[in-house]
Amino acid sequence: LLLLLRSVLGHGLARYMSVVVLIIMLLITCCVLGWVASFFVTYSWSPTQEIIGVVACAKKLIGCSDCVDGSPKCPEWSSEEVRSLVSSDFKLAGTAAACCITYFVGALIIAHLVRQNLKEYRCEFV
C-alpha cells in the first residue's frame with residue numbers, strides 16, 4: 001500500500017510541479033505585459049475625447065454624463081488623468097501577477113522537497 005501510494009504521489013507530484021512551472025511562466029508573461037502596457041500607455045497613448053469618455057464612464061468616475069444612452073461626455077477628466085488611471089491599472093495587474101509568482105515559487109519549492117523526501121523514503125517490514 002505504501003509503495004502504491006509512493007508511486008502515485010511521485011507521478012502526481014511531477015505533474016503538479018509541471019503545472020506550477022507552467023503557471024509561473026504565464027504569470028511572468030502577465031507581469032511583463034502589464035508593466036510594458038503601463039509604460040506604453042504613459043508615453044505613447046493619446047486617447048481621443050470619445051475614448052476618455054468611455055474609459056471614465058466604465059470606471060464610474062464623477063462628472064460624466066450620457067454614460068448609458070449616448071456618447072459619454074466627461075469634461076472634468078483630461079487625457080493625462082485618464083492615461084494615468086489606465087497606466088495605474090496595468091501596473092496593478094503586473095504587480096498582482098508578481099505577488100502570485102512568489103506564492104507559486106514557494107509551492108514549487110515545497111513540492112520539490114516533498115518529492116525528494118518521497119524518493120529517499122524506505123519502507124521496512126518488521
# chains A, B, ... in the order shown; residues from 1 in each chain; ligands from 1

call {"tool": "residues_around", "arguments": {"residues": "range 78-93 of chain A", "least_positions_apart": "2", "cutoff": "8 Å", "atoms": "only C-alpha atoms", "output": "ChimeraX atom specification"}}
result
/A:30-31,34-35,37-39,41-42,45-49,52,55-56,75-76,95-97

call {"tool": "select_by_dssp", "arguments": {"residues": "chain A", "states": "alpha helix (DSSP H)", "output": "PyMOL selection string"}}
result
chain A and resi 2-44+49-58+79-119

call {"tool": "closest_residue", "arguments": {"among": "A:Val114, A:Ala107, A:Ala98, A:Lys73", "to": "Leu33 in chain A", "atoms": "only C-alpha atoms"}}
result
A:Ala98

call {"tool": "closest_residue", "arguments": {"among": "A:Asn117, A:Cys100, A:Met17, A:Gly94", "to": "Val32 in chain A", "atoms": "only C-alpha atoms"}}
result
A:Gly94

call {"tool": "atom_distance", "arguments": {"atom1": "CA of Thr102 in chain A", "atom2": "CA of Gln116 in chain A"}}
result
21.2 Å

call {"tool": "closest_residue", "arguments": {"among": "A:Phe104, A:Tyr121, A:Trp77, A:Phe40", "to": "Val19 in chain A", "atoms": "only C-alpha atoms"}}
result
A:Phe104

call {"tool": "atom_distance", "arguments": {"atom1": "CA of Ile110 in chain A", "atom2": "CA of Leu26 in chain A"}}
result
19.8 Å

call {"tool": "atom_distance", "arguments": {"atom1": "CA of Arg115 in chain A", "atom2": "CA of Val21 in chain A"}}
result
15.1 Å
